[in-house]
Every structure is written in C-alpha cells, then in structure tokens.
>>> print(open('coords17.cif').read())   # mmCIF, C-alpha atoms and all ligand atoms
data_work
#
loop_
_atom_site.label_atom_id
_atom_site.label_comp_id
_atom_site.auth_asym_id
_atom_site.auth_seq_id
_atom_site.Cartn_x
_atom_site.Cartn_y
_atom_site.Cartn_z
CA MET C 1 81.81 113.25 94.42
CA ASN C 2 84.42 110.99 92.74
CA ASP C 3 86.74 110.08 95.62
CA THR C 4 88.77 107.41 93.76
CA PHE C 5 91.91 109.55 94.05
CA LEU C 6 91.56 109.95 97.84
CA LYS C 7 90.94 106.22 98.28
CA ALA C 8 94.10 105.42 96.33
CA CYS C 9 96.06 107.89 98.47
CA ARG C 10 94.86 106.05 101.58
CA GLY C 11 95.64 102.65 100.09
CA GLU C 12 91.97 101.61 99.95
CA PRO C 13 90.59 99.48 97.08
CA THR C 14 89.36 101.45 94.05
CA ASP C 15 87.20 100.53 91.04
CA TYR C 16 89.92 101.77 88.69
CA THR C 17 93.27 103.58 88.88
CA PRO C 18 92.76 107.34 89.22
CA ILE C 19 94.79 109.69 87.03
CA TRP C 20 95.76 113.35 87.05
CA MET C 21 98.79 115.05 85.53
CA MET C 22 101.32 117.44 86.94
CA ARG C 23 100.91 120.87 85.32
CA GLN C 24 97.57 119.71 83.93
CA ALA C 25 96.11 123.20 84.28
CA GLY C 26 98.38 125.05 81.96
CA ARG C 27 100.03 125.98 78.78
CA TYR C 28 99.29 122.90 76.61
CA LEU C 29 95.56 123.79 76.66
CA PRO C 30 94.30 126.39 74.14
CA GLU C 31 91.52 127.17 76.64
CA TYR C 32 94.22 128.19 79.17
CA GLN C 33 96.04 130.33 76.60
CA LYS C 34 92.80 132.20 75.98
CA VAL C 35 92.35 133.11 79.66
CA ARG C 36 96.07 133.89 80.01
CA ARG C 37 96.14 136.32 77.03
CA GLY C 38 96.29 140.00 77.99
CA ARG C 39 97.46 139.46 81.59
CA THR C 40 100.62 138.32 83.29
CA PHE C 41 100.91 134.90 84.86
CA LEU C 42 101.02 136.44 88.35
CA GLU C 43 97.92 138.54 87.65
CA LEU C 44 96.19 135.31 86.71
CA CYS C 45 97.41 133.64 89.94
CA LYS C 46 95.91 136.50 91.96
CA SER C 47 92.44 136.38 90.32
CA PRO C 48 90.43 133.70 92.14
CA GLU C 49 87.60 133.49 89.57
CA LEU C 50 90.07 132.98 86.73
CA CYS C 51 92.12 130.49 88.77
CA VAL C 52 88.92 128.51 89.30
CA GLU C 53 88.26 128.57 85.56
CA VAL C 54 91.71 127.27 84.57
CA THR C 55 91.76 124.68 87.38
CA LEU C 56 88.46 123.27 86.10
CA GLN C 57 89.44 123.24 82.41
CA PRO C 58 91.43 119.98 82.40
CA ILE C 59 88.81 118.25 84.58
CA ASP C 60 86.01 119.11 82.18
CA ILE C 61 87.99 118.63 78.96
CA LEU C 62 90.10 115.57 79.80
CA GLY C 63 88.31 113.88 82.72
CA PHE C 64 91.02 113.77 85.39
CA ASP C 65 90.22 112.26 88.81
CA ALA C 66 91.78 115.10 90.81
CA ALA C 67 92.18 118.83 90.35
CA ILE C 68 95.29 120.76 91.32
CA LEU C 69 95.00 124.30 92.53
CA PHE C 70 96.15 126.80 89.93
CA SER C 71 99.00 128.76 91.46
CA ASP C 72 102.78 128.46 91.57
CA ILE C 73 105.34 127.26 94.11
CA LEU C 74 106.92 130.73 94.02
CA VAL C 75 103.80 132.67 95.08
CA PRO C 76 104.68 132.28 98.81
CA MET C 77 108.25 133.38 98.10
CA GLU C 78 106.87 136.70 96.86
CA ALA C 79 104.80 136.88 100.05
CA MET C 80 108.04 136.52 102.03
CA GLY C 81 108.94 139.95 100.71
CA LEU C 82 110.77 139.36 97.44
CA GLU C 83 109.91 140.88 94.12
CA LEU C 84 108.93 138.14 91.64
CA GLU C 85 108.56 138.36 87.87
CA PHE C 86 107.79 135.74 85.25
CA HIS C 87 109.54 136.44 81.98
CA GLU C 88 108.22 134.98 78.74
CA GLY C 89 110.51 132.13 77.67
CA ARG C 90 112.78 132.45 80.70
CA GLY C 91 110.52 131.60 83.60
CA PRO C 92 110.67 133.02 87.12
CA VAL C 93 113.05 135.84 88.05
CA PHE C 94 113.86 137.26 91.50
CA PRO C 95 115.69 140.56 90.80
CA GLN C 96 116.91 140.66 94.43
CA THR C 97 118.52 137.37 95.37
CA VAL C 98 119.06 136.01 98.89
CA ARG C 99 122.80 135.52 99.24
CA ASP C 100 123.74 137.24 102.52
CA ARG C 101 122.56 137.72 106.08
CA ALA C 102 120.97 141.12 105.40
CA ALA C 103 118.80 139.69 102.61
CA LEU C 104 117.83 136.74 104.80
CA ASP C 105 116.90 139.04 107.70
CA ARG C 106 114.65 141.07 105.41
CA LEU C 107 112.53 138.00 104.59
CA ILE C 108 109.33 137.71 106.57
CA VAL C 109 107.26 134.67 107.50
CA PRO C 110 103.96 135.90 106.11
CA ASP C 111 100.44 135.40 107.43
CA PRO C 112 99.05 133.38 104.50
CA HIS C 113 95.54 134.79 104.94
CA GLU C 114 96.80 138.37 104.71
CA SER C 115 99.26 138.06 101.85
CA MET C 116 97.85 135.07 99.94
CA GLY C 117 94.15 135.36 100.65
CA PHE C 118 93.54 134.98 96.91
CA VAL C 119 94.78 131.36 97.13
CA MET C 120 92.43 130.49 99.99
CA GLU C 121 89.58 132.23 98.17
CA THR C 122 90.33 130.15 95.03
CA ILE C 123 90.23 126.96 97.13
CA ARG C 124 86.90 127.88 98.74
CA LEU C 125 85.35 128.71 95.34
CA LEU C 126 86.74 125.54 93.76
CA ARG C 127 85.26 123.30 96.43
CA LYS C 128 81.80 124.56 95.51
CA GLU C 129 82.32 123.60 91.85
CA LEU C 130 84.44 120.45 91.89
CA LYS C 131 83.19 116.87 91.65
CA VAL C 132 86.73 115.52 92.12
CA PRO C 133 89.14 116.12 95.05
CA LEU C 134 91.28 119.24 95.12
CA ILE C 135 95.05 119.02 95.64
CA GLY C 136 96.77 121.98 97.30
CA PHE C 137 100.53 122.31 97.06
CA ALA C 138 103.76 124.09 97.87
CA GLY C 139 107.37 123.84 96.78
CA ALA C 140 109.71 121.96 99.10
CA PRO C 141 112.14 124.29 100.91
CA PHE C 142 115.24 123.18 98.99
CA THR C 143 113.55 123.70 95.63
CA CYS C 144 112.22 127.12 96.67
CA ALA C 145 115.60 128.11 98.10
CA THR C 146 117.35 127.47 94.78
CA TYR C 147 115.17 130.08 93.08
CA LEU C 148 115.81 132.69 95.80
CA ILE C 149 119.57 132.08 95.86
CA GLU C 150 120.06 131.80 92.08
CA GLY C 151 117.57 134.57 91.27
CA GLY C 152 115.59 132.23 89.01
CA SER C 153 115.92 128.88 87.23
CA SER C 154 119.34 127.31 87.05
CA LYS C 155 121.18 124.41 85.46
CA VAL C 156 124.31 124.12 87.64
CA PHE C 157 123.10 125.62 90.95
CA TRP C 158 126.48 127.21 91.57
CA GLU C 159 125.26 129.84 94.04
CA THR C 160 123.09 127.35 95.93
CA LYS C 161 125.85 124.81 96.45
CA LYS C 162 128.34 127.58 97.19
CA MET C 163 126.12 128.78 100.04
CA MET C 164 125.46 125.24 101.29
CA PHE C 165 129.14 124.42 101.51
CA SER C 166 130.72 127.77 102.40
CA ALA C 167 127.98 129.44 104.49
CA PRO C 168 125.92 126.56 105.92
CA GLU C 169 124.43 128.68 108.73
CA LEU C 170 123.06 131.15 106.21
CA PHE C 171 121.71 128.31 104.09
CA HIS C 172 120.00 126.65 107.06
CA GLY C 173 118.62 130.04 108.16
CA LEU C 174 116.97 130.41 104.77
CA MET C 175 115.61 126.85 104.85
CA GLU C 176 114.21 127.51 108.32
CA LYS C 177 112.27 130.59 107.19
CA ILE C 178 110.93 128.92 104.06
CA THR C 179 109.88 125.91 106.17
CA LEU C 180 107.91 128.08 108.62
CA CYS C 181 106.24 129.91 105.74
CA THR C 182 105.37 126.61 104.00
CA ILE C 183 103.85 125.07 107.14
CA ASP C 184 101.53 128.06 107.69
CA TYR C 185 100.68 128.22 104.00
CA LEU C 186 99.77 124.52 103.68
CA LYS C 187 97.77 124.60 106.92
CA ALA C 188 95.78 127.53 105.53
CA GLN C 189 95.17 125.62 102.28
CA ALA C 190 93.88 122.57 104.17
CA GLU C 191 91.64 124.77 106.35
CA ALA C 192 90.28 126.46 103.23
CA GLY C 193 89.34 123.05 101.80
CA ALA C 194 92.29 121.41 100.03
CA GLN C 195 91.67 117.64 100.29
CA ALA C 196 95.25 116.49 99.68
CA LEU C 197 98.59 118.31 99.76
CA GLN C 198 101.61 117.84 97.55
CA LEU C 199 105.13 119.05 98.17
CA PHE C 200 107.09 119.52 94.92
CA ASP C 201 110.83 118.97 95.33
CA SER C 202 111.71 119.56 91.69
CA TRP C 203 115.45 120.03 92.26
CA ALA C 204 116.11 117.52 95.08
CA GLY C 205 117.74 115.21 92.53
CA ILE C 206 120.72 117.51 92.04
CA LEU C 207 121.94 116.67 95.56
CA ALA C 208 124.18 113.82 96.66
CA PRO C 209 122.19 111.65 99.08
CA CYS C 210 124.41 112.70 102.01
CA ASP C 211 123.79 116.39 101.25
CA TYR C 212 120.08 115.84 100.73
CA GLU C 213 120.03 114.24 104.18
CA THR C 214 121.74 117.25 105.79
CA TYR C 215 120.43 120.20 103.85
CA ALA C 216 116.97 119.27 102.55
CA PHE C 217 115.35 116.20 104.09
CA PRO C 218 114.92 117.42 107.72
CA TYR C 219 112.82 120.34 106.48
CA VAL C 220 110.62 118.05 104.36
CA GLN C 221 110.03 115.82 107.39
CA ARG C 222 109.16 118.81 109.56
CA ILE C 223 106.58 120.11 107.11
CA ILE C 224 104.90 116.73 106.72
CA GLU C 225 104.88 116.19 110.49
CA ALA C 226 103.36 119.64 111.08
CA LEU C 227 100.59 118.94 108.56
CA ARG C 228 99.61 115.55 109.99
CA PRO C 229 96.86 117.06 112.22
CA ALA C 230 95.26 118.54 109.09
CA GLY C 231 94.20 114.96 108.34
CA VAL C 232 94.57 115.08 104.54
CA PRO C 233 96.77 112.73 102.47
CA PHE C 234 100.25 114.11 101.88
CA ILE C 235 102.17 113.51 98.64
CA TYR C 236 105.92 114.08 98.43
CA PHE C 237 107.49 114.28 94.97
CA ALA C 238 111.27 114.47 94.66
CA ASN C 239 112.04 114.87 90.98
CA ASN C 240 114.97 112.82 89.70
CA GLY C 241 114.66 111.12 93.09
CA ALA C 242 115.35 107.43 92.45
CA THR C 243 118.57 107.80 94.46
CA LEU C 244 116.58 109.41 97.30
CA LEU C 245 113.74 106.91 97.43
CA ASP C 246 114.67 105.51 100.85
CA TYR C 247 114.40 109.05 102.26
CA SER C 248 111.06 109.68 100.52
CA ALA C 249 109.78 106.47 102.11
CA ARG C 250 110.74 107.85 105.55
CA SER C 251 109.47 111.38 104.89
CA GLY C 252 106.13 110.74 106.57
CA ALA C 253 104.23 111.19 103.30
CA ASP C 254 101.30 108.89 102.53
CA VAL C 255 102.03 108.93 98.80
CA ILE C 256 105.43 108.94 97.11
CA GLY C 257 105.58 110.70 93.74
CA LEU C 258 107.89 109.00 91.23
CA ASP C 259 109.61 110.40 88.18
CA TRP C 260 109.98 108.17 85.11
CA ARG C 261 113.63 107.25 85.58
CA ILE C 262 112.81 104.26 87.79
CA ASN C 263 110.67 101.18 87.17
CA ILE C 264 107.53 101.63 89.24
CA GLY C 265 107.53 98.00 90.45
CA GLU C 266 111.06 98.37 91.79
CA ALA C 267 110.13 101.65 93.49
CA ILE C 268 107.08 100.03 95.11
CA GLN C 269 109.29 97.33 96.64
CA ARG C 270 111.56 100.00 98.06
CA VAL C 271 108.92 102.34 99.52
CA GLY C 272 107.01 99.51 101.20
CA ASP C 273 103.68 100.34 102.80
CA LYS C 274 102.98 103.57 100.87
CA ALA C 275 100.89 104.54 97.91
CA VAL C 276 102.76 105.71 94.82
CA GLN C 277 102.02 108.32 92.17
CA GLY C 278 103.50 108.18 88.70
CA ASN C 279 105.34 107.62 86.52
CA ILE C 280 105.14 107.64 82.73
CA ASP C 281 107.67 109.77 80.81
CA PRO C 282 105.74 112.94 79.86
CA PHE C 283 107.07 112.57 76.31
CA ALA C 284 105.56 109.07 76.03
CA LEU C 285 102.29 110.96 75.45
CA LEU C 286 103.64 111.52 71.94
CA LEU C 287 103.60 107.76 71.14
CA PRO C 288 101.09 106.45 68.58
CA GLU C 289 97.88 105.40 70.33
CA ASP C 290 98.49 101.62 70.28
CA GLN C 291 101.99 102.01 71.72
CA LEU C 292 100.84 104.52 74.33
CA ARG C 293 98.12 102.11 75.45
CA ALA C 294 100.62 99.23 75.59
CA ARG C 295 102.95 101.32 77.73
CA ILE C 296 100.12 102.28 80.07
CA GLN C 297 99.10 98.62 80.39
CA LYS C 298 102.70 97.69 81.25
CA LEU C 299 102.88 100.43 83.89
CA LEU C 300 99.57 99.33 85.43
CA ASP C 301 100.87 95.73 85.55
CA ASP C 302 104.18 96.80 87.09
CA ALA C 303 102.28 98.80 89.74
CA SER C 304 99.82 96.02 90.60
CA GLN C 305 101.46 95.31 93.97
CA ALA C 306 101.25 98.94 95.15
CA LYS C 307 99.32 99.74 98.32
CA GLY C 308 97.65 102.40 96.20
CA HIS C 309 98.49 103.72 92.73
CA ILE C 310 97.68 107.13 91.31
CA PHE C 311 98.57 107.26 87.63
CA ASN C 312 100.57 110.35 86.74
CA LEU C 313 103.35 111.62 84.54
CA GLY C 314 106.89 111.38 85.89
CA HIS C 315 107.00 115.19 85.68
CA GLY C 316 104.86 118.00 84.26
CA ILE C 317 103.06 117.74 80.94
CA HIS C 318 105.13 119.49 78.27
CA GLN C 319 103.55 122.64 76.91
CA PHE C 320 103.54 121.43 73.29
CA THR C 321 101.77 118.13 74.03
CA PRO C 322 98.56 117.83 71.97
CA PRO C 323 95.65 117.69 74.46
CA GLU C 324 94.13 114.81 72.39
CA GLN C 325 97.11 112.67 73.40
CA ALA C 326 96.54 113.46 77.08
CA LYS C 327 92.89 112.46 76.58
CA ILE C 328 93.95 109.12 75.07
CA ALA C 329 96.04 108.47 78.18
CA VAL C 330 93.23 109.37 80.60
CA ASP C 331 90.73 107.12 78.80
CA ALA C 332 93.24 104.27 78.51
CA VAL C 333 94.09 104.35 82.23
CA HIS C 334 90.39 104.31 83.14
CA GLU C 335 89.56 101.49 80.73
CA LEU C 336 92.60 99.25 81.23
CA SER C 337 92.59 99.46 85.02
CA ARG C 338 88.83 98.81 85.51
CA ARG C 339 88.44 96.02 88.07
O1 LIG A 401 101.29 130.94 81.59
C1 LIG A 401 102.52 130.88 81.77
O2 LIG A 401 103.33 131.36 80.97
C2 LIG A 401 103.07 130.30 83.02
C3 LIG A 401 103.46 128.88 82.97
C4 LIG A 401 103.30 128.31 84.36
C5 LIG A 401 102.18 127.62 84.84
C6 LIG A 401 100.93 127.23 84.07
C7 LIG A 401 104.21 128.46 85.44
C8 LIG A 401 105.50 129.21 85.43
N1 LIG A 401 103.64 127.87 86.55
C9 LIG A 401 102.42 127.33 86.24
C10 LIG A 401 101.46 126.69 87.16
C11 LIG A 401 101.95 125.71 88.15
N2 LIG A 401 103.24 125.58 88.59
C12 LIG A 401 101.15 124.78 88.87
C13 LIG A 401 99.61 124.69 88.85
C14 LIG A 401 98.97 123.98 87.81
C15 LIG A 401 99.17 122.50 87.55
O3 LIG A 401 100.07 121.81 88.04
O4 LIG A 401 98.33 121.98 86.83
C16 LIG A 401 102.01 124.04 89.68
C17 LIG A 401 101.65 122.89 90.60
C18 LIG A 401 103.30 124.57 89.51
C19 LIG A 401 104.46 124.12 90.28
C20 LIG A 401 105.82 124.60 89.93
N3 LIG A 401 106.21 125.84 89.53
C21 LIG A 401 106.97 123.80 90.08
C22 LIG A 401 106.96 122.39 90.65
C23 LIG A 401 106.55 121.37 89.64
C24 LIG A 401 107.54 121.13 88.51
O5 LIG A 401 107.16 121.40 87.38
O6 LIG A 401 108.65 120.67 88.80
C25 LIG A 401 108.07 124.58 89.71
C26 LIG A 401 109.53 124.16 89.72
C27 LIG A 401 107.58 125.88 89.36
C28 LIG A 401 108.38 127.08 88.96
C29 LIG A 401 107.98 127.61 87.63
N4 LIG A 401 106.75 128.18 87.39
C30 LIG A 401 106.67 128.54 86.06
C31 LIG A 401 107.92 128.23 85.44
C32 LIG A 401 108.25 128.49 84.00
C33 LIG A 401 108.73 127.66 86.43
C34 LIG A 401 110.20 127.29 86.28
C35 LIG A 401 110.53 125.90 86.06
C36 LIG A 401 112.04 125.77 85.95
O7 LIG A 401 112.79 126.43 86.72
O8 LIG A 401 112.46 124.99 85.10
#
>>> encode(input="coords17.cif", output="structure tokens", more="lines below")
Ligand code: 1CP
Amino acid sequence: MNDTFLKACRGEPTDYTPIWMMRQAGRYLPEYQKVRRGRTFLELCKSPELCVEVTLQPIDILGFDAAILFSDILVPMEAMGLELEFHEGRGPVFPQTVRDRAALDRLIVPDPHESMGFVMETIRLLRKELKVPLIGFAGAPFTCATYLIEGGSSKVFWETKKMMFSAPELFHGLMEKITLCTIDYLKAQAEAGAQALQLFDSWAGILAPCDYETYAFPYVQRIIEALRPAGVPFIYFANNGATLLDYSARSGADVIGLDWRINIGEAIQRVGDKAVQGNIDPFALLLPEDQLRARIQKLLDDASQAKGHIFNLGHGIHQFTPPEQAKIAVDAVHELSRR
C-alpha cells in the first residue's frame, strides 16, 4: 500500500510529494465516457461496481497517489428528500427548491446506510482493490445549501443571499439540517473504509468574511469536530478562499486545500502548523511540457516549508484537458520532488 498521501496529510516526512487531482475520475477521460454512455450520471453514482471502475481508472492510467470516491456532493441532498436531476450541459437541477419553512420541514436527515448504501458499498469494494488511500467526501453545508435554494448552479446567488439576509432563521435551519446529514454521512463513509475525508466548499468564496463567519464557518467547524473520533485526516477546501484562509486554519482540518489564486508559500505562512493541498491553476496543464515542468518545480520550491504538501490542482480538472497533459504533471511531480 502506497501511503505517501496519508503521511503528507499527517505532516510526516515522505519520499516524494504525493499528487491527486480534484475531479480526477471524470469527464476528461475517454475511459470514463465509455462507462458513462447509455446511463445517466445518477444511475452511474448508484452502481457500486461501475463507481469502482471509474474511481480506479485515473489511478491505473495516470498513477495518482490517492483515489477519490466516485459520487457527487449532491447525492446526500437527494437523500434528504429532494428530487435531483443532472441535465447535459447545465449541471445539477433541483425542480423543487427550498425557499420557505414548509420546504425546509419536508427535508429529512437520512440514515446514510438506508438511503445511500450504494456509496458505502462502493467504498467497501474499492478498499479491496486499491493500492493507494481512498478519499471520501461531502459538500460543505453552505455550498450544498446554494444548490437547494437556487435550484441548481448559480452565478449571482440572489436567492441564497436573499434568504441569508432577509430570513436568517430559515437559512440557519437549512444549514442545521444539512450539517446533521453531512456528519452522519461522513461517519458512515469512514466506517465503511474511507481513509481521509474532504469537505468541498466550492462557493464559500462568494461570501464576505464577516458573513462566512456567521453563516457558513460554524457548520464547517461542527462537522470537522464531529468527525475527529473517526481518526482519519480531514481536508477542508474553500474555493476562492484566499480571503478566508485564517478561518480555514482554525477549522480543525488537518489539511487546507488551496485554490490557485494565492501563492502557496504565502498561504503556508498563514495557515501555520497544517498540511496544505494544491494549488496549480487547472489550465496550466495546457502549458507546453517544459513550461509545465518549470511551473511545477516553482510550486514545489514555494511549498518547501509546508508541514506536509499534497500536490493538487487549485480546482477540478477541466473536462477538455488532454489526459496526456495530466500524466506529464503526475510524472513531473514524482520526479522533481524525489528526496
Ligand atoms: O458525467 C457527467 O456528465 C457528470 C459530470 C460530473 C462528475 C464526473 C458531475 C456533475 N460530478 C462528477 C463527480 C464528482 N463531483 C466527484 C467525484 C470524482 C472526482 O473528484 O474525481 C466529486 C468529488 C464531485 C464534487 C462536486 N460536485 C463539487 C465540489 C467540487 C468542485 O468541483 O467544486 C461540486 C460543486 C459538484 C456539483 C456538480 N456535479 C456535477 C456538476 C456539473 C456540478 C455543478 C458544478 C457547478 O455548479 O458549477
């Protein structure tokens, strides 16, 4: 078992810098497209054998040091009782939004084993196959809430901020329910065999720091605190989060995920005694090989003072990235960081 990733999470010395990529099991791989053809994304998410196959693809093809469970942050939102659809080209859609007390009251806090047993089954099957650690994950409550309130993806988050500022009790009630669901869900993942957990806060960066502190951060802290007894490293990633870094550092997470908008050396100074994960611009994978390698070398140098460094993209790999370019990055990180 290659445990380089887990060592880096714990801040222990490693022979080289481990690398995995956000959204590594997905659309940029022709092998994924083949499995995906003829079924919906959610059907795929609910088929453990196929989830195992697509989780393993990037490990076998590109040589990553960690696998991430194939699922989606919105799967538990469906389990809370909301209809969920994924539309080609448009992404997730919740036909019934949560914008009033009645809709909030209808949401349930599901038993993860009953309603998401397929996820735990995928984890158990994966652990039999994998030679690298498996990362389980969930969306952070604020990020999940935006999808339920907006009814899908958004650019301005009008409905979300309207609820925050004009119906704060309703907003906090929703955050509370999502938090309870997320705690149970992540505990179940760890019990099933997930060896690290990541909380994706993809939309945290749209908040002013003072609003993040009131409306989002307490729920992140609660989740991380509740998962401490599970004994697995916890990664918190707030996208567009340079302005929120001091909160991330106090979130209780062992590893702070960084997007590409901040220099990693500067971030390391600010987060102190924590490992970091990141943070090359996903589009930098399109650079010619020599320039990509130079950029990776620079990032490794900038991160040399980190308590632990897990190389990653600053956000998910873009679906049109040639897999050969991702392979160049994986090999370069392994070679250039070898100690
Ligand atoms: O096949 C397809 O058409 C579906 C594309 C796809 C895939 C491959 C979606 C739809 N989700 C996923 C898998 C996924 N999503 C994983 C597992 C695999 C991996 O990382 O390798 C993970 C961890 C996620 C997490 C996720 N889903 C996030 C957080 C990370 C991030 O990218 O910021 C978010 C915000 C989602 C919601 C989502 N799922 C899919 C779409 C198109 C979206 C919407 C994104 C948006 O609103 O912009």
>>> atom_distance(input="coords17.cif", atom1="atom CA of Tyr236 of chain C", atom2="atom CA of Val98 of chain C")
25.6 Å
>>> residues_near_ligand(input="coords17.cif", ligand="ligand LIG 401 (chain A)", cutoff="6 Å", atoms="all atoms listed in the file", output="NGL selection string")
:C and (22-27 or 41 or 68-73 or 91-92 or 153 or 200 or 202 or 316)
>>> residues_around(input="coords17.cif", residues="segment 112-126 of chain C", least_positions_apart="6", cutoff="7 Å", atoms="only C-alpha atoms", output="MDAnalysis selection string")
chainID C and resid 46:49 51:52 79 184:185 188:189 192:194
>>> residues_near_point(input="coords17.cif", point="(110.5, 104.3, 92.6)", cutoff="10 Å", atoms="only C-alpha atoms", output="number ranges by chain")
C: 241-246, 248-249, 256-271, 276-279
>>> closest_residue(input="coords17.cif", among="C:Asp331, C:Asp201, C:Glu88, C:Glu213", to="Asn240 of chain C", atoms="all atoms listed in the file")
C:Asp201
>>> closest_residue(input="coords17.cif", among="C:Arg293, C:Arg228, C:Arg101, C:Lys34", to="Val330 of chain C", atoms="all atoms listed in the file")
C:Arg293
>>> closest_residue(input="coords17.cif", among="C:Pro168, C:Gly308, C:Gly136, C:Gly205", to="Ala190 of chain C", atoms="all atoms listed in the file")
C:Gly136
>>> closest_residue(input="coords17.cif", among="C:Thr182, C:Thr40, C:Thr214, C:Asn312", to="Met80 of chain C", atoms="all atoms listed in the file")
C:Thr182
>>> residues_around(input="coords17.cif", residues="Val232 of chain C", least_positions_apart="2", cutoff="6 Å", atoms="all atoms listed in the file", output="PyMOL selection string")
chain C and resi 195-196+230
>>> residues_around(input="coords17.cif", residues="Asp65 of chain C", least_positions_apart="4", cutoff="6 Å", atoms="all atoms listed in the file", output="MDAnalysis selection string")
chainID C and resid 18:20 132
>>> residues_around(input="coords17.cif", residues="Tyr16 of chain C", least_positions_apart="6", cutoff="8 Å", atoms="all atoms listed in the file", output="ChimeraX atom specification")
/C:4,334-335,337-339
>>> write_last_selection(input="coords17.cif", atoms="C-alpha atoms", output="short mmCIF file (atom, residue, chain, number, x, y, z; two decimals), keeping the file's coordinate frame")
data_model
loop_
_atom_site.label_atom_id
_atom_site.label_comp_id
_atom_site.auth_asym_id
_atom_site.auth_seq_id
_atom_site.Cartn_x
_atom_site.Cartn_y
_atom_site.Cartn_z
CA THR C 4 88.77 107.41 93.76
CA HIS C 334 90.39 104.31 83.14
CA GLU C 335 89.56 101.49 80.73
CA SER C 337 92.59 99.46 85.02
CA ARG C 338 88.83 98.81 85.51
CA ARG C 339 88.44 96.02 88.07
#
>>> atom_distance(input="coords17.cif", atom1="atom CA of Gly252 of chain C", atom2="atom CA of Lys307 of chain C")
15.3 Å
>>> atom_distance(input="coords17.cif", atom1="atom CA of Val35 of chain C", atom2="atom CA of Glu85 of chain C")
18.9 Å
>>> closest_residue(input="coords17.cif", among="C:Val54, C:Leu42, C:Pro218, C:Pro229", to="Tyr28 of chain C", atoms="all atoms listed in the file")
C:Val54
>>> closest_residue(input="coords17.cif", among="C:Leu199, C:Arg90, C:Ser166, C:Arg127", to="Ser154 of chain C", atoms="only C-alpha atoms")
C:Arg90
